[in-house]
Amino acid sequence: MEEKTIISFANVAAAYDNATEVLTDVSFNISSGAFYFLSGASGAGKTTLLRLIYQLHKPLRGQIKLFGKNTAELTRDDIAMLRHRMAIVFQEYSLLSHMTVFDNVALPLRVRGIAEAKVKKLVAKVLDWVGLGKFADVKPMELSGGQQQRVSVARAIIVQPSILLADEPTGNLDDENASRLMELFIQMNKLFGTTIILATHNTKLMETYKFPVIHVENHRVGFVGKSSATVPEAKKVWKGPTPKNYFTELSKQFDEIGNA
């Protein structure tokens, strides 16, 4: 099957307040369904690269294409629609403390005007999938760090994004919870076909899961490994429900939403 380019950078540069360039002449193509780690020293430009993809930051020069569209030619509404096809997970969780776990995860669907009956079904399935079904009525601050991160992942995947960007999502987690989170992302990539770019400093994670690496250094971007790399049999520490079963059910629910 022919690979489809979903993210394309051509001679892109980025800076803040017209200061020294953070990224210079960055060019690459990423195919739909790919999984990449994003590595580099602190301040190298990893977060800037993710912000450029998510359209939170405009390039100083060069061209960025998402889903085949030149972002420089898009209106604000067009950009908003593009973001509906993407999701981003932050290291600091970014959960709303006054809302329950259920309402945090339901928020993206409610913003899109999805019927509440479908929202309830989807949120229940996703929370089960991340192993937090029994915490639906709990406030985020009552959960552990690892649990809060899984809530943020649940909120991101509830919209079944075509692109998922994760900015150091395992940075505050121990090895077991980091591995759990990786299992969630891998199943999402395999079963939804989601394109994933995961920024991390965790060399152990990158050594365990042999995905190709986008490496940022000296304002430029290089690639290590092939995009067709397969995941080896890593030690499985995920203790929650079998992800595949929940993805099958989630896919059916998403199909219902799409046909409504």
# chains A, B, ... in the order shown; residues from 1 in each chain; ligands from 1
call {"tool": "select_by_dssp", "arguments": {"residues": "stretch 72-204 of chain A", "states": "alpha helix (DSSP H)", "output": "number ranges by chain"}}
result
A: 76-83, 101-111, 116-129, 145-157, 175-192, 203-204
call {"tool": "residues_around", "arguments": {"residues": "A:Ile158", "least_positions_apart": "6", "cutoff": "10 Å", "atoms": "only C-alpha atoms", "output": "number ranges by chain"}}
result
A: 87, 105-109, 119, 122-123, 125-127, 250, 254
call {"tool": "write_last_selection", "arguments": {"atoms": "all heavy atoms", "output": "mmCIF file, in the first residue's frame"}}
result
data_model
loop_
_atom_site.group_PDB
_atom_site.id
_atom_site.type_symbol
_atom_site.label_atom_id
_atom_site.label_comp_id
_atom_site.auth_asym_id
_atom_site.auth_seq_id
_atom_site.Cartn_x
_atom_site.Cartn_y
_atom_site.Cartn_z
ATOM 1 N N ALA A 87 -4.033 15.653 18.261
ATOM 2 C CA ALA A 87 -4.133 15.750 19.727
ATOM 3 C C ALA A 87 -2.725 15.875 20.278
ATOM 4 O O ALA A 87 -1.759 15.432 19.651
ATOM 5 C CB ALA A 87 -4.828 14.522 20.308
ATOM 6 N N VAL A 105 -12.230 13.954 30.320
ATOM 7 C CA VAL A 105 -12.104 13.151 29.099
ATOM 8 C C VAL A 105 -13.226 13.483 28.111
ATOM 9 O O VAL A 105 -13.021 13.470 26.888
ATOM 10 C CB VAL A 105 -12.112 11.649 29.452
ATOM 11 C CG1 VAL A 105 -12.066 10.794 28.189
ATOM 12 C CG2 VAL A 105 -10.923 11.317 30.348
ATOM 13 N N ALA A 106 -14.395 13.820 28.623
ATOM 14 C CA ALA A 106 -15.542 14.112 27.760
ATOM 15 C C ALA A 106 -15.452 15.476 27.081
ATOM 16 O O ALA A 106 -16.097 15.715 26.060
ATOM 17 C CB ALA A 106 -16.833 14.049 28.583
ATOM 18 N N LEU A 107 -14.631 16.375 27.627
ATOM 19 C CA LEU A 107 -14.602 17.763 27.158
ATOM 20 C C LEU A 107 -14.399 17.914 25.644
ATOM 21 O O LEU A 107 -15.147 18.656 24.994
ATOM 22 C CB LEU A 107 -13.527 18.533 27.923
ATOM 23 C CG LEU A 107 -13.452 20.043 27.643
ATOM 24 C CD1 LEU A 107 -14.770 20.727 28.013
ATOM 25 C CD2 LEU A 107 -12.293 20.667 28.425
ATOM 26 N N PRO A 108 -13.419 17.232 25.027
ATOM 27 C CA PRO A 108 -13.235 17.412 23.575
ATOM 28 C C PRO A 108 -14.458 17.015 22.757
ATOM 29 O O PRO A 108 -14.731 17.619 21.714
ATOM 30 C CB PRO A 108 -12.040 16.510 23.260
ATOM 31 C CG PRO A 108 -11.323 16.342 24.551
ATOM 32 C CD PRO A 108 -12.393 16.344 25.592
ATOM 33 N N LEU A 109 -15.184 15.994 23.210
ATOM 34 C CA LEU A 109 -16.379 15.575 22.486
ATOM 35 C C LEU A 109 -17.505 16.591 22.653
ATOM 36 O O LEU A 109 -18.223 16.905 21.702
ATOM 37 C CB LEU A 109 -16.844 14.203 22.985
ATOM 38 C CG LEU A 109 -15.902 13.026 22.725
ATOM 39 C CD1 LEU A 109 -16.497 11.753 23.294
ATOM 40 C CD2 LEU A 109 -15.625 12.866 21.236
ATOM 41 N N VAL A 119 -21.389 10.460 24.082
ATOM 42 C CA VAL A 119 -20.264 10.880 24.920
ATOM 43 C C VAL A 119 -20.086 9.894 26.072
ATOM 44 O O VAL A 119 -18.969 9.453 26.368
ATOM 45 C CB VAL A 119 -20.478 12.308 25.460
ATOM 46 C CG1 VAL A 119 -19.445 12.643 26.538
ATOM 47 C CG2 VAL A 119 -20.402 13.329 24.330
ATOM 48 N N LEU A 122 -18.596 6.563 24.835
ATOM 49 C CA LEU A 122 -17.192 6.688 24.447
ATOM 50 C C LEU A 122 -16.275 6.856 25.646
ATOM 51 O O LEU A 122 -15.222 6.207 25.744
ATOM 52 C CB LEU A 122 -17.026 7.877 23.498
ATOM 53 C CG LEU A 122 -17.371 7.616 22.035
ATOM 54 C CD1 LEU A 122 -17.480 8.932 21.278
ATOM 55 C CD2 LEU A 122 -16.311 6.736 21.395
ATOM 56 N N VAL A 123 -16.648 7.730 26.566
ATOM 57 C CA VAL A 123 -15.805 7.990 27.733
ATOM 58 C C VAL A 123 -15.677 6.730 28.583
ATOM 59 O O VAL A 123 -14.584 6.398 29.058
ATOM 60 C CB VAL A 123 -16.360 9.155 28.574
ATOM 61 C CG1 VAL A 123 -15.558 9.328 29.855
ATOM 62 C CG2 VAL A 123 -16.326 10.452 27.764
ATOM 63 N N LYS A 125 -15.812 3.642 27.579
ATOM 64 C CA LYS A 125 -14.930 2.705 26.892
ATOM 65 C C LYS A 125 -13.466 3.119 27.018
ATOM 66 O O LYS A 125 -12.588 2.293 27.278
ATOM 67 C CB LYS A 125 -15.316 2.607 25.409
ATOM 68 C CG LYS A 125 -16.634 1.913 25.142
ATOM 69 C CD LYS A 125 -16.551 0.437 25.476
ATOM 70 C CE LYS A 125 -17.856 -0.276 25.149
ATOM 71 N NZ LYS A 125 -17.801 -1.711 25.524
ATOM 72 N N VAL A 126 -13.196 4.412 26.814
ATOM 73 C CA VAL A 126 -11.810 4.881 26.859
ATOM 74 C C VAL A 126 -11.231 4.758 28.264
ATOM 75 O O VAL A 126 -10.082 4.343 28.440
ATOM 76 C CB VAL A 126 -11.715 6.340 26.355
ATOM 77 C CG1 VAL A 126 -10.325 6.906 26.604
ATOM 78 C CG2 VAL A 126 -12.024 6.389 24.869
ATOM 79 N N LEU A 127 -12.026 5.095 29.283
ATOM 80 C CA LEU A 127 -11.527 4.978 30.653
ATOM 81 C C LEU A 127 -11.263 3.516 31.014
ATOM 82 O O LEU A 127 -10.289 3.205 31.713
ATOM 83 C CB LEU A 127 -12.522 5.606 31.633
ATOM 84 C CG LEU A 127 -12.565 7.133 31.642
ATOM 85 C CD1 LEU A 127 -13.615 7.632 32.627
ATOM 86 C CD2 LEU A 127 -11.191 7.722 31.990
ATOM 87 N N LEU A 250 -14.179 0.868 20.588
ATOM 88 C CA LEU A 250 -14.064 2.306 20.359
ATOM 89 C C LEU A 250 -14.235 2.637 18.886
ATOM 90 O O LEU A 250 -14.900 3.609 18.524
ATOM 91 C CB LEU A 250 -12.701 2.807 20.842
ATOM 92 C CG LEU A 250 -12.542 3.018 22.340
ATOM 93 C CD1 LEU A 250 -11.086 3.308 22.662
ATOM 94 C CD2 LEU A 250 -13.410 4.152 22.821
ATOM 95 N N PHE A 254 -16.827 5.233 17.305
ATOM 96 C CA PHE A 254 -16.425 6.348 16.456
ATOM 97 C C PHE A 254 -17.131 6.302 15.106
ATOM 98 O O PHE A 254 -17.466 7.326 14.540
ATOM 99 C CB PHE A 254 -14.908 6.380 16.275
ATOM 100 C CG PHE A 254 -14.167 6.972 17.425
ATOM 101 C CD1 PHE A 254 -13.226 6.241 18.123
ATOM 102 C CD2 PHE A 254 -14.403 8.272 17.836
ATOM 103 C CE1 PHE A 254 -12.542 6.791 19.185
ATOM 104 C CE2 PHE A 254 -13.727 8.832 18.908
ATOM 105 C CZ PHE A 254 -12.797 8.096 19.580
#
call {"tool": "residues_around", "arguments": {"residues": "A:Leu96", "least_positions_apart": "6", "cutoff": "9 Å", "atoms": "only C-alpha atoms", "output": "ChimeraX atom specification"}}
result
/A:103-104,139-140
call {"tool": "residues_around", "arguments": {"residues": "A:Glu142", "least_positions_apart": "5", "cutoff": "12 Å", "atoms": "only C-alpha atoms", "output": "compact mmCIF listing (two decimals) with N, CA, C and O atoms, in the first residue's frame"}}
result
# COMPACT_ATOMS: atom_id res chain seq x y z
N SER A 97 -8.75 20.79 37.23
CA SER A 97 -8.87 20.25 38.59
C SER A 97 -10.29 20.29 39.13
O SER A 97 -10.64 19.48 40.00
N HIS A 98 -11.13 21.22 38.65
CA HIS A 98 -12.49 21.32 39.18
C HIS A 98 -13.45 20.33 38.53
O HIS A 98 -14.60 20.21 38.95
N MET A 99 -12.98 19.62 37.50
CA MET A 99 -13.81 18.64 36.81
C MET A 99 -13.44 17.22 37.22
O MET A 99 -12.30 16.95 37.59
N THR A 100 -14.39 16.31 37.13
CA THR A 100 -14.11 14.91 37.39
C THR A 100 -13.28 14.34 36.23
O THR A 100 -13.13 14.95 35.17
N VAL A 101 -12.74 13.15 36.45
CA VAL A 101 -12.02 12.44 35.40
C VAL A 101 -12.92 12.28 34.17
O VAL A 101 -12.50 12.52 33.04
N PHE A 135 -12.55 5.19 38.29
CA PHE A 135 -12.21 6.53 38.79
C PHE A 135 -12.95 7.65 38.05
O PHE A 135 -12.56 8.81 38.14
N ALA A 136 -14.01 7.30 37.34
CA ALA A 136 -14.71 8.28 36.51
C ALA A 136 -15.19 9.50 37.30
O ALA A 136 -15.16 10.63 36.80
N ASP A 137 -15.64 9.30 38.53
CA ASP A 137 -16.22 10.39 39.31
C ASP A 137 -15.22 11.05 40.26
O ASP A 137 -15.59 11.88 41.09
N GLN A 147 -1.64 7.87 37.01
CA GLN A 147 -3.06 7.84 36.68
C GLN A 147 -3.49 9.12 35.98
O GLN A 147 -4.26 9.09 35.02
N GLN A 148 -3.00 10.26 36.46
CA GLN A 148 -3.34 11.53 35.83
C GLN A 148 -2.83 11.57 34.38
O GLN A 148 -3.52 12.08 33.49
call {"tool": "closest_atom_pairs", "arguments": {"of": "stretch 5-104 of chain A", "to": "stretch 179-196 of chain A", "cutoff": "8 Å", "atoms": "only C-alpha atoms", "output": "Markdown table"}}
result
| residue | atom | partner | partner_atom | distance |
| --- | --- | --- | --- | --- |
| A:Ser31 | CA | A:Thr195 | CA | 7.7 |
| A:Ser32 | CA | A:Thr195 | CA | 5.6 |
| A:Gly33 | CA | A:Thr195 | CA | 4.4 |
| A:Ala34 | CA | A:Thr195 | CA | 4.9 |
| A:Phe35 | CA | A:Ile196 | CA | 4.7 |
| A:Tyr36 | CA | A:Ile196 | CA | 6.2 |
call {"tool": "write_last_selection", "arguments": {"atoms": "N, CA, C and O atoms", "output": "JSON list (two decimals), in the first residue's frame"}}
result
[["chain", "number", "residue", "atom", "x", "y", "z"],
["A", 31, "SER", "N", 5.12, 9.84, 7.11],
["A", 31, "SER", "CA", 4.00, 9.13, 6.52],
["A", 31, "SER", "C", 2.91, 8.83, 7.54],
["A", 31, "SER", "O", 3.18, 8.68, 8.73],
["A", 32, "SER", "N", 1.71, 8.71, 7.05],
["A", 32, "SER", "CA", 0.57, 8.35, 7.89],
["A", 32, "SER", "C", 0.81, 6.99, 8.53],
["A", 32, "SER", "O", 1.26, 6.05, 7.88],
["A", 33, "GLY", "N", 0.55, 6.89, 9.83],
["A", 33, "GLY", "CA", 0.70, 5.63, 10.55],
["A", 33, "GLY", "C", 2.09, 5.39, 11.11],
["A", 33, "GLY", "O", 2.34, 4.34, 11.71],
["A", 34, "ALA", "N", 3.00, 6.36, 10.95],
["A", 34, "ALA", "CA", 4.37, 6.20, 11.47],
["A", 34, "ALA", "C", 4.41, 6.46, 12.97],
["A", 34, "ALA", "O", 3.53, 7.10, 13.54],
["A", 35, "PHE", "N", 5.46, 5.94, 13.62],
["A", 35, "PHE", "CA", 5.70, 6.18, 15.04],
["A", 35, "PHE", "C", 7.15, 6.59, 15.19],
["A", 35, "PHE", "O", 8.06, 5.85, 14.83],
["A", 36, "TYR", "N", 7.38, 7.81, 15.72],
["A", 36, "TYR", "CA", 8.74, 8.31, 15.91],
["A", 36, "TYR", "C", 8.95, 8.77, 17.35],
["A", 36, "TYR", "O", 8.06, 9.38, 17.95]]
call {"tool": "residues_around", "arguments": {"residues": "A:Asn29", "least_positions_apart": "2", "cutoff": "12 Å", "atoms": "only C-alpha atoms", "output": "VMD selection string"}}
result
chain A and resid 3 to 11 26 to 27 31 to 32 34 36 53 63 to 68 214 221 to 223 227
call {"tool": "atom_distance", "arguments": {"atom1": "atom CA of A:Pro212", "atom2": "atom CA of A:Ala72"}}
result
28.5 Å
call {"tool": "atom_distance", "arguments": {"atom1": "atom CA of A:Leu74", "atom2": "atom CA of A:Val111"}}
result
21.7 Å
call {"tool": "residues_around", "arguments": {"residues": "A:His57", "least_positions_apart": "6", "cutoff": "10 Å", "atoms": "only C-alpha atoms", "output": "PDB file with C-alpha atoms, in the first residue's frame"}}
result
ATOM      1  CA  ALA A  14      11.683  28.925  13.803  1.00  0.00           C
ATOM      2  CA  ALA A  15      12.564  31.611  16.345  1.00  0.00           C
ATOM      3  CA  TYR A  16      10.968  33.473  19.228  1.00  0.00           C
ATOM      4  CA  THR A  48       9.181  24.026  19.210  1.00  0.00           C
ATOM      5  CA  LEU A  49       8.970  21.313  16.559  1.00  0.00           C
ATOM      6  CA  LEU A  50       5.798  19.918  18.144  1.00  0.00           C
ATOM      7  CA  ARG A  51       4.335  23.432  18.416  1.00  0.00           C
TER       8      ARG A  51
END
